[in-house]
file final28.cif (mmCIF, C-alpha atoms)
data_work
#
loop_
_atom_site.label_atom_id
_atom_site.label_comp_id
_atom_site.auth_asym_id
_atom_site.auth_seq_id
_atom_site.Cartn_x
_atom_site.Cartn_y
_atom_site.Cartn_z
CA MET A 1 2.15 10.26 45.16
CA LYS A 2 0.69 13.52 43.93
CA GLN A 3 1.39 14.55 40.37
CA LYS A 4 3.15 17.87 39.87
CA LYS A 5 0.93 20.51 38.34
CA PHE A 6 2.58 22.69 35.69
CA ALA A 7 -0.22 25.18 35.17
CA ASP A 8 -3.58 25.98 36.71
CA ASN A 9 -5.41 26.33 33.40
CA PRO A 10 -3.43 24.49 30.74
CA LYS A 11 -4.22 25.22 27.10
CA VAL A 12 -4.32 22.54 24.45
CA LEU A 13 -2.72 23.60 21.18
CA ILE A 14 -4.12 21.72 18.20
CA LEU A 15 -2.08 22.14 15.06
CA THR A 16 -4.46 20.85 12.44
CA ASN A 17 -2.37 21.81 9.45
CA LYS A 18 0.81 23.55 8.43
CA ALA A 19 -0.85 26.75 7.20
CA ILE A 20 -2.63 27.35 10.51
CA ALA A 21 0.54 26.62 12.47
CA GLU A 22 2.56 29.07 10.35
CA LYS A 23 -0.14 31.73 10.55
CA ASN A 24 -0.05 31.52 14.35
CA GLY A 25 3.74 31.42 14.65
CA PHE A 26 4.10 27.74 15.56
CA GLN A 27 5.88 26.50 12.44
CA GLN A 28 8.80 24.96 14.38
CA LEU A 29 6.47 23.17 16.77
CA TYR A 30 4.42 21.90 13.85
CA LYS A 31 7.58 20.65 12.13
CA VAL A 32 8.66 18.72 15.25
CA PHE A 33 5.33 16.93 15.49
CA ASP A 34 4.95 16.51 11.74
CA ASP A 35 8.34 14.80 11.51
CA ARG A 36 7.69 12.56 14.49
CA TYR A 37 4.08 11.63 13.88
CA ALA A 38 3.76 11.11 10.15
CA ASP A 39 0.20 10.76 9.01
CA VAL A 40 -0.76 7.08 8.88
CA LYS A 41 -2.74 7.69 5.70
CA ASP A 42 0.39 9.03 4.01
CA ARG A 43 2.44 6.04 5.15
CA ILE A 44 -0.18 3.61 3.85
CA GLU A 45 -0.37 5.46 0.54
CA LYS A 46 3.44 5.44 0.23
CA TYR A 47 3.52 1.68 0.86
CA LEU A 48 0.70 0.96 -1.60
CA CYS A 49 2.53 3.06 -4.17
CA SER A 50 5.80 1.21 -3.55
CA ILE A 51 4.15 -2.19 -4.12
CA GLN A 52 2.44 -0.82 -7.24
CA ALA A 53 -1.06 -1.36 -5.84
CA LEU A 54 -2.01 2.23 -6.66
CA ASP A 55 -0.86 1.78 -10.27
CA VAL A 56 -3.18 -1.21 -10.63
CA ALA A 57 -5.97 0.64 -8.81
CA ASP A 58 -5.65 3.50 -11.29
CA LEU A 59 -5.98 1.05 -14.20
CA CYS A 60 -9.03 -0.54 -12.56
CA ASN A 61 -10.65 2.85 -12.00
CA LEU A 62 -10.06 3.83 -15.62
CA PHE A 63 -11.62 0.55 -16.73
CA LEU A 64 -14.63 0.98 -14.44
CA ILE A 65 -15.32 4.54 -15.58
CA LYS A 66 -14.76 3.42 -19.18
CA ASP A 67 -11.89 5.80 -19.89
CA TYR A 68 -10.42 3.30 -22.32
CA ASN A 69 -8.24 5.84 -24.14
CA LEU A 70 -6.23 6.70 -21.03
CA LEU A 71 -6.20 3.04 -19.97
CA ILE A 72 -4.72 2.02 -23.33
CA GLN A 73 -2.22 4.87 -23.18
CA LEU A 74 -0.98 3.78 -19.73
CA VAL A 75 -0.71 0.06 -20.49
CA ARG A 76 1.06 0.74 -23.80
CA LYS A 77 3.63 2.78 -21.89
CA ASP A 78 4.38 -0.27 -19.75
CA GLY A 79 4.63 -2.76 -22.61
CA PHE A 80 1.15 -4.00 -23.46
CA ILE A 81 0.95 -4.16 -27.24
CA ILE A 82 -2.24 -3.17 -29.03
CA HIS A 83 -2.32 -3.61 -32.79
CA ASN A 84 -5.93 -4.54 -33.42
CA ALA A 85 -9.38 -5.11 -31.93
CA ASN A 86 -8.37 -8.55 -30.61
CA ASP A 87 -5.64 -6.92 -28.49
CA LYS A 88 -8.21 -4.46 -27.11
CA LYS A 89 -10.53 -7.36 -26.35
CA GLN A 90 -7.69 -9.15 -24.56
CA LEU A 91 -7.06 -6.02 -22.45
CA HIS A 92 -10.78 -5.79 -21.71
CA ASP A 93 -10.88 -9.44 -20.61
CA ILE A 94 -7.85 -9.05 -18.34
CA MET A 95 -9.26 -5.94 -16.72
CA HIS A 96 -12.69 -7.53 -16.35
CA GLU A 97 -11.10 -10.54 -14.62
CA ILE A 98 -9.25 -8.27 -12.20
CA VAL A 99 -12.17 -6.00 -11.28
CA SER A 100 -14.77 -8.80 -11.14
CA SER A 101 -12.94 -11.31 -9.00
CA LYS A 102 -13.63 -11.35 -5.30
CA GLU A 103 -10.99 -14.04 -4.74
CA LEU A 104 -7.84 -12.27 -5.93
CA SER A 105 -5.41 -10.87 -3.39
CA ILE A 106 -3.59 -7.59 -3.96
CA LYS A 107 -0.42 -9.56 -4.64
CA SER A 108 -2.06 -11.77 -7.26
CA VAL A 109 -3.63 -8.75 -8.99
CA ILE A 110 -0.23 -7.06 -9.14
CA GLU A 111 1.33 -10.28 -10.48
CA ILE A 112 -1.36 -10.59 -13.17
CA ALA A 113 -0.85 -6.95 -14.15
CA CYS A 114 2.91 -7.48 -14.39
CA SER A 115 2.74 -10.79 -16.26
CA LYS A 116 0.24 -9.36 -18.77
CA LYS A 117 2.43 -6.25 -19.18
CA LEU A 118 -0.17 -3.84 -17.87
CA ILE A 119 2.49 -2.46 -15.51
CA LYS A 120 6.25 -2.92 -15.28
CA GLN A 121 7.42 -4.59 -12.12
CA THR A 122 9.75 -2.20 -10.34
CA GLU A 123 12.90 -3.01 -8.39
CA THR A 124 11.24 -1.46 -5.34
CA TYR A 125 8.42 -3.99 -5.55
CA LYS A 126 10.89 -6.87 -5.92
CA ASN A 127 12.93 -5.63 -2.95
CA ILE A 128 9.84 -5.26 -0.75
CA ILE A 129 8.64 -8.78 -1.57
CA GLU A 130 12.13 -10.18 -0.92
CA ARG A 131 12.40 -8.30 2.37
CA ASN A 132 8.92 -9.48 3.43
CA LEU A 133 9.82 -13.08 2.59
CA ASN A 134 12.98 -12.80 4.67
CA VAL A 135 10.99 -11.50 7.64
CA LEU A 136 8.43 -14.28 7.24
CA ASN A 137 11.17 -16.93 7.03
CA GLN A 138 12.83 -15.49 10.13
CA LEU A 139 9.53 -15.58 12.00
CA MET A 140 8.88 -19.16 10.93
CA SER A 141 12.42 -20.25 11.86
CA ASP A 142 12.17 -18.77 15.34
CA CYS A 143 10.61 -21.75 17.14
CA PHE A 144 9.62 -19.75 20.20
CA LEU A 145 7.89 -17.04 18.20
CA TYR A 146 6.36 -19.66 15.88
CA ARG A 147 4.82 -21.53 18.84
CA LYS A 148 3.66 -18.30 20.45
CA LEU A 149 1.94 -17.12 17.26
CA ASN A 150 0.37 -20.52 16.77
CA MET A 151 -0.79 -20.69 20.39
CA HIS A 152 -2.35 -17.20 20.46
CA ILE A 153 -3.84 -16.77 17.02
CA GLY A 154 -3.33 -20.03 15.18
CA LEU A 155 -0.70 -20.56 12.52
CA PRO A 156 -3.12 -21.05 9.62
CA GLU A 157 -4.53 -17.60 10.37
CA VAL A 158 -1.01 -16.13 10.54
CA GLN A 159 -0.11 -17.73 7.22
CA GLN A 160 -3.32 -16.45 5.67
CA ASP A 161 -2.73 -12.94 6.99
CA LEU A 162 0.83 -13.01 5.71
CA GLN A 163 -0.10 -14.53 2.34
CA PHE A 164 0.81 -11.29 0.64
CA LEU A 165 4.42 -11.82 1.71
CA SER A 166 4.93 -15.04 -0.22
#
call {"tool": "encode", "arguments": {"input": "final28.cif", "output": "structure tokens"}}
result
Amino acid sequence: MKQKKFADNPKVLILTNKAIAEKNGFQQLYKVFDDRYADVKDRIEKYLCSIQALDVADLCNLFLIKDYNLLIQLVRKDGFIIHNANDKKQLHDIMHEIVSSKELSIKSVIEIACSKKLIKQTETYKNIIERNLNVLNQLMSDCFLYRKLNMHIGLPEVQQDLQFLS
């Protein structure tokens, strides 16, 4: 079957950003595609923000660039108490443990930061973890899907990949 040809010399319209689309009179077209095809980078950033990974990353960056004043200001805001040099040393040790370890998962770093009062655990974070656990439990309770995952990629690998969820 021959495919129907719509135009002899079709043109490809590339809308690289909103300003260019508006300048050329394609703002509605840009909006349609922008709404439908959200930038993956933005979605990842939104998720990392919602699980507080970006908050912890900011603290780590401040520690690594030795901006201790801003680091102290941020952790004080979230409940870390600093009265003396020992408290500063404790903060230094916690941050050093986080940035030095190659074994910590994102989840465990966030949990350390919350338990040490470097950040306040948000309801959004709690809801995401609860929702992820529910999905994981559903997957594990579905015998067919469980066997299929185990057969194709091996359950230990699935559990390791989904470790963040627990």
call {"tool": "atom_distance", "arguments": {"input": "final28.cif", "atom1": "CA of Leu118 (chain A)", "atom2": "CA of Leu104 (chain A)"}}
result
16.5 Å
call {"tool": "resolve_selection", "arguments": {"input": "final28.cif", "expression": "the PyMOL selection byres ((chain A and resi 72-76) around 12)", "output": "ChimeraX atom specification"}}
result
/A:55-56,58-60,62-63,66-71,77-83,87-92,94-95,113-114,116-120
call {"tool": "residues_around", "arguments": {"input": "final28.cif", "residues": "Ile44 (chain A)", "least_positions_apart": "6", "cutoff": "12 Å", "atoms": "all atoms listed in the file", "output": "JSON, numbers by chain"}}
result
{"A": [38, 50, 51, 53, 54]}
call {"tool": "write_last_selection", "arguments": {"input": "final28.cif", "atoms": "C-alpha atoms", "output": "PDB file, keeping the file's coordinate frame"}}
result
ATOM      1  CA  ALA A  38       3.760  11.110  10.150  1.00  0.00           C
ATOM      2  CA  SER A  50       5.800   1.210  -3.550  1.00  0.00           C
ATOM      3  CA  ILE A  51       4.150  -2.190  -4.120  1.00  0.00           C
ATOM      4  CA  ALA A  53      -1.060  -1.360  -5.840  1.00  0.00           C
ATOM      5  CA  LEU A  54      -2.010   2.230  -6.660  1.00  0.00           C
TER       6      LEU A  54
END
call {"tool": "atom_distance", "arguments": {"input": "final28.cif", "atom1": "CA of Cys49 (chain A)", "atom2": "CA of Thr124 (chain A)"}}
result
9.9 Å
call {"tool": "atom_distance", "arguments": {"input": "final28.cif", "atom1": "CA of Ser115 (chain A)", "atom2": "CA of Val99 (chain A)"}}
result
16.4 Å
call {"tool": "closest_atom_pairs", "arguments": {"input": "final28.cif", "of": "region 29-123 of chain A", "to": "region 127-141 of chain A", "cutoff": "12 Å", "atoms": "only C-alpha atoms", "output": "JSON lines"}}
result
{"residue": "A:Tyr47", "atom": "CA", "partner": "A:Ile128", "partner_atom": "CA", "distance": 9.5}
{"residue": "A:Leu48", "atom": "CA", "partner": "A:Ile128", "partner_atom": "CA", "distance": 11.1}
{"residue": "A:Cys49", "atom": "CA", "partner": "A:Ile128", "partner_atom": "CA", "distance": 11.6}
{"residue": "A:Ser50", "atom": "CA", "partner": "A:Ile128", "partner_atom": "CA", "distance": 8.1}
{"residue": "A:Ile51", "atom": "CA", "partner": "A:Ile128", "partner_atom": "CA", "distance": 7.3}
{"residue": "A:Gln52", "atom": "CA", "partner": "A:Ile128", "partner_atom": "CA", "distance": 10.8}
{"residue": "A:Lys107", "atom": "CA", "partner": "A:Ile129", "partner_atom": "CA", "distance": 9.6}
{"residue": "A:Ile110", "atom": "CA", "partner": "A:Ile129", "partner_atom": "CA", "distance": 11.8}
{"residue": "A:Glu111", "atom": "CA", "partner": "A:Ile129", "partner_atom": "CA", "distance": 11.6}
{"residue": "A:Gln121", "atom": "CA", "partner": "A:Asn127", "partner_atom": "CA", "distance": 10.7}
{"residue": "A:Thr122", "atom": "CA", "partner": "A:Asn127", "partner_atom": "CA", "distance": 8.7}
{"residue": "A:Glu123", "atom": "CA", "partner": "A:Asn127", "partner_atom": "CA", "distance": 6.0}
call {"tool": "write_last_selection", "arguments": {"input": "final28.cif", "atoms": "C-alpha atoms", "output": "mmCIF file, keeping the file's coordinate frame"}}
result
data_model
loop_
_atom_site.group_PDB
_atom_site.id
_atom_site.type_symbol
_atom_site.label_atom_id
_atom_site.label_comp_id
_atom_site.auth_asym_id
_atom_site.auth_seq_id
_atom_site.Cartn_x
_atom_site.Cartn_y
_atom_site.Cartn_z
ATOM 1 C CA TYR A 47 3.520 1.680 0.860
ATOM 2 C CA LEU A 48 0.700 0.960 -1.600
ATOM 3 C CA CYS A 49 2.530 3.060 -4.170
ATOM 4 C CA SER A 50 5.800 1.210 -3.550
ATOM 5 C CA ILE A 51 4.150 -2.190 -4.120
ATOM 6 C CA GLN A 52 2.440 -0.820 -7.240
ATOM 7 C CA LYS A 107 -0.420 -9.560 -4.640
ATOM 8 C CA ILE A 110 -0.230 -7.060 -9.140
ATOM 9 C CA GLU A 111 1.330 -10.280 -10.480
ATOM 10 C CA GLN A 121 7.420 -4.590 -12.120
ATOM 11 C CA THR A 122 9.750 -2.200 -10.340
ATOM 12 C CA GLU A 123 12.900 -3.010 -8.390
#
call {"tool": "axis_aligned_box", "arguments": {"input": "final28.cif", "around": "region 18-37 of chain A", "padding_each_side": "4 Å", "output": "lines of an AutoDock Vina configuration file"}}
result
center_x = 3.1
center_y = 21.7
center_z = 12.0
size_x = 19.4
size_y = 28.1
size_z = 17.6
call {"tool": "build_atoms", "arguments": {"input": "final28.cif", "residues": "region 58-84 of chain A", "atoms": "N, CA and C atoms", "output": "PDB file, in the frame of the given file"}}
result
ATOM      1  N   ASP A  58      -5.372   2.477 -10.278  1.00  0.00           N
ATOM      2  CA  ASP A  58      -5.650   3.500 -11.290  1.00  0.00           C
ATOM      3  C   ASP A  58      -6.166   2.849 -12.580  1.00  0.00           C
ATOM      4  N   LEU A  59      -5.524   1.757 -12.992  1.00  0.00           N
ATOM      5  CA  LEU A  59      -5.980   1.050 -14.200  1.00  0.00           C
ATOM      6  C   LEU A  59      -7.407   0.532 -14.007  1.00  0.00           C
ATOM      7  N   CYS A  60      -7.685  -0.024 -12.845  1.00  0.00           N
ATOM      8  CA  CYS A  60      -9.030  -0.540 -12.560  1.00  0.00           C
ATOM      9  C   CYS A  60     -10.063   0.585 -12.586  1.00  0.00           C
ATOM     10  N   ASN A  61      -9.719   1.713 -11.996  1.00  0.00           N
ATOM     11  CA  ASN A  61     -10.650   2.850 -12.000  1.00  0.00           C
ATOM     12  C   ASN A  61     -10.918   3.330 -13.421  1.00  0.00           C
ATOM     13  N   LEU A  62      -9.876   3.408 -14.235  1.00  0.00           N
ATOM     14  CA  LEU A  62     -10.060   3.830 -15.620  1.00  0.00           C
ATOM     15  C   LEU A  62     -10.976   2.848 -16.359  1.00  0.00           C
ATOM     16  N   PHE A  63     -10.779   1.565 -16.103  1.00  0.00           N
ATOM     17  CA  PHE A  63     -11.620   0.550 -16.730  1.00  0.00           C
ATOM     18  C   PHE A  63     -13.073   0.703 -16.274  1.00  0.00           C
ATOM     19  N   LEU A  64     -13.269   0.892 -14.987  1.00  0.00           N
ATOM     20  CA  LEU A  64     -14.630   0.980 -14.440  1.00  0.00           C
ATOM     21  C   LEU A  64     -15.376   2.230 -14.905  1.00  0.00           C
ATOM     22  N   ILE A  65     -14.642   3.328 -15.105  1.00  0.00           N
ATOM     23  CA  ILE A  65     -15.320   4.540 -15.580  1.00  0.00           C
ATOM     24  C   ILE A  65     -15.297   4.626 -17.117  1.00  0.00           C
ATOM     25  N   LYS A  66     -14.785   3.571 -17.720  1.00  0.00           N
ATOM     26  CA  LYS A  66     -14.760   3.420 -19.180  1.00  0.00           C
ATOM     27  C   LYS A  66     -13.937   4.487 -19.897  1.00  0.00           C
ATOM     28  N   ASP A  67     -12.845   4.890 -19.256  1.00  0.00           N
ATOM     29  CA  ASP A  67     -11.890   5.800 -19.890  1.00  0.00           C
ATOM     30  C   ASP A  67     -10.835   4.936 -20.590  1.00  0.00           C
ATOM     31  N   TYR A  68     -11.264   4.277 -21.643  1.00  0.00           N
ATOM     32  CA  TYR A  68     -10.420   3.300 -22.320  1.00  0.00           C
ATOM     33  C   TYR A  68      -9.220   3.951 -23.014  1.00  0.00           C
ATOM     34  N   ASN A  69      -9.362   5.179 -23.473  1.00  0.00           N
ATOM     35  CA  ASN A  69      -8.240   5.840 -24.140  1.00  0.00           C
ATOM     36  C   ASN A  69      -7.052   6.013 -23.198  1.00  0.00           C
ATOM     37  N   LEU A  70      -7.314   6.525 -22.002  1.00  0.00           N
ATOM     38  CA  LEU A  70      -6.230   6.700 -21.030  1.00  0.00           C
ATOM     39  C   LEU A  70      -5.715   5.351 -20.544  1.00  0.00           C
ATOM     40  N   LEU A  71      -6.605   4.388 -20.363  1.00  0.00           N
ATOM     41  CA  LEU A  71      -6.200   3.040 -19.970  1.00  0.00           C
ATOM     42  C   LEU A  71      -5.229   2.459 -20.997  1.00  0.00           C
ATOM     43  N   ILE A  72      -5.582   2.547 -22.262  1.00  0.00           N
ATOM     44  CA  ILE A  72      -4.720   2.020 -23.330  1.00  0.00           C
ATOM     45  C   ILE A  72      -3.394   2.769 -23.355  1.00  0.00           C
ATOM     46  N   GLN A  73      -3.447   4.071 -23.191  1.00  0.00           N
ATOM     47  CA  GLN A  73      -2.220   4.870 -23.180  1.00  0.00           C
ATOM     48  C   GLN A  73      -1.279   4.413 -22.069  1.00  0.00           C
ATOM     49  N   LEU A  74      -1.818   4.190 -20.874  1.00  0.00           N
ATOM     50  CA  LEU A  74      -0.980   3.780 -19.730  1.00  0.00           C
ATOM     51  C   LEU A  74      -0.407   2.377 -19.909  1.00  0.00           C
ATOM     52  N   VAL A  75      -1.223   1.426 -20.364  1.00  0.00           N
ATOM     53  CA  VAL A  75      -0.710   0.060 -20.490  1.00  0.00           C
ATOM     54  C   VAL A  75       0.279  -0.066 -21.654  1.00  0.00           C
ATOM     55  N   ARG A  76       0.092   0.729 -22.698  1.00  0.00           N
ATOM     56  CA  ARG A  76       1.060   0.740 -23.800  1.00  0.00           C
ATOM     57  C   ARG A  76       2.418   1.218 -23.308  1.00  0.00           C
ATOM     58  N   LYS A  77       2.387   2.223 -22.452  1.00  0.00           N
ATOM     59  CA  LYS A  77       3.630   2.780 -21.890  1.00  0.00           C
ATOM     60  C   LYS A  77       4.415   1.697 -21.151  1.00  0.00           C
ATOM     61  N   ASP A  78       3.707   0.769 -20.530  1.00  0.00           N
ATOM     62  CA  ASP A  78       4.380  -0.270 -19.750  1.00  0.00           C
ATOM     63  C   ASP A  78       4.559  -1.585 -20.506  1.00  0.00           C
ATOM     64  N   GLY A  79       4.278  -1.601 -21.811  1.00  0.00           N
ATOM     65  CA  GLY A  79       4.630  -2.760 -22.610  1.00  0.00           C
ATOM     66  C   GLY A  79       3.508  -3.568 -23.209  1.00  0.00           C
ATOM     67  N   PHE A  80       2.266  -3.258 -22.875  1.00  0.00           N
ATOM     68  CA  PHE A  80       1.150  -4.000 -23.460  1.00  0.00           C
ATOM     69  C   PHE A  80       0.987  -3.539 -24.906  1.00  0.00           C
ATOM     70  N   ILE A  81       1.000  -4.487 -25.815  1.00  0.00           N
ATOM     71  CA  ILE A  81       0.950  -4.160 -27.240  1.00  0.00           C
ATOM     72  C   ILE A  81      -0.477  -4.261 -27.760  1.00  0.00           C
ATOM     73  N   ILE A  82      -0.903  -3.189 -28.426  1.00  0.00           N
ATOM     74  CA  ILE A  82      -2.240  -3.170 -29.030  1.00  0.00           C
ATOM     75  C   ILE A  82      -2.081  -2.820 -30.504  1.00  0.00           C
ATOM     76  N   HIS A  83      -2.378  -3.815 -31.342  1.00  0.00           N
ATOM     77  CA  HIS A  83      -2.320  -3.610 -32.790  1.00  0.00           C
ATOM     78  C   HIS A  83      -3.704  -3.646 -33.429  1.00  0.00           C
ATOM     79  N   ASN A  84      -4.618  -4.356 -32.792  1.00  0.00           N
ATOM     80  CA  ASN A  84      -5.930  -4.540 -33.420  1.00  0.00           C
ATOM     81  C   ASN A  84      -7.021  -4.712 -32.365  1.00  0.00           C
TER      82      ASN A  84
END
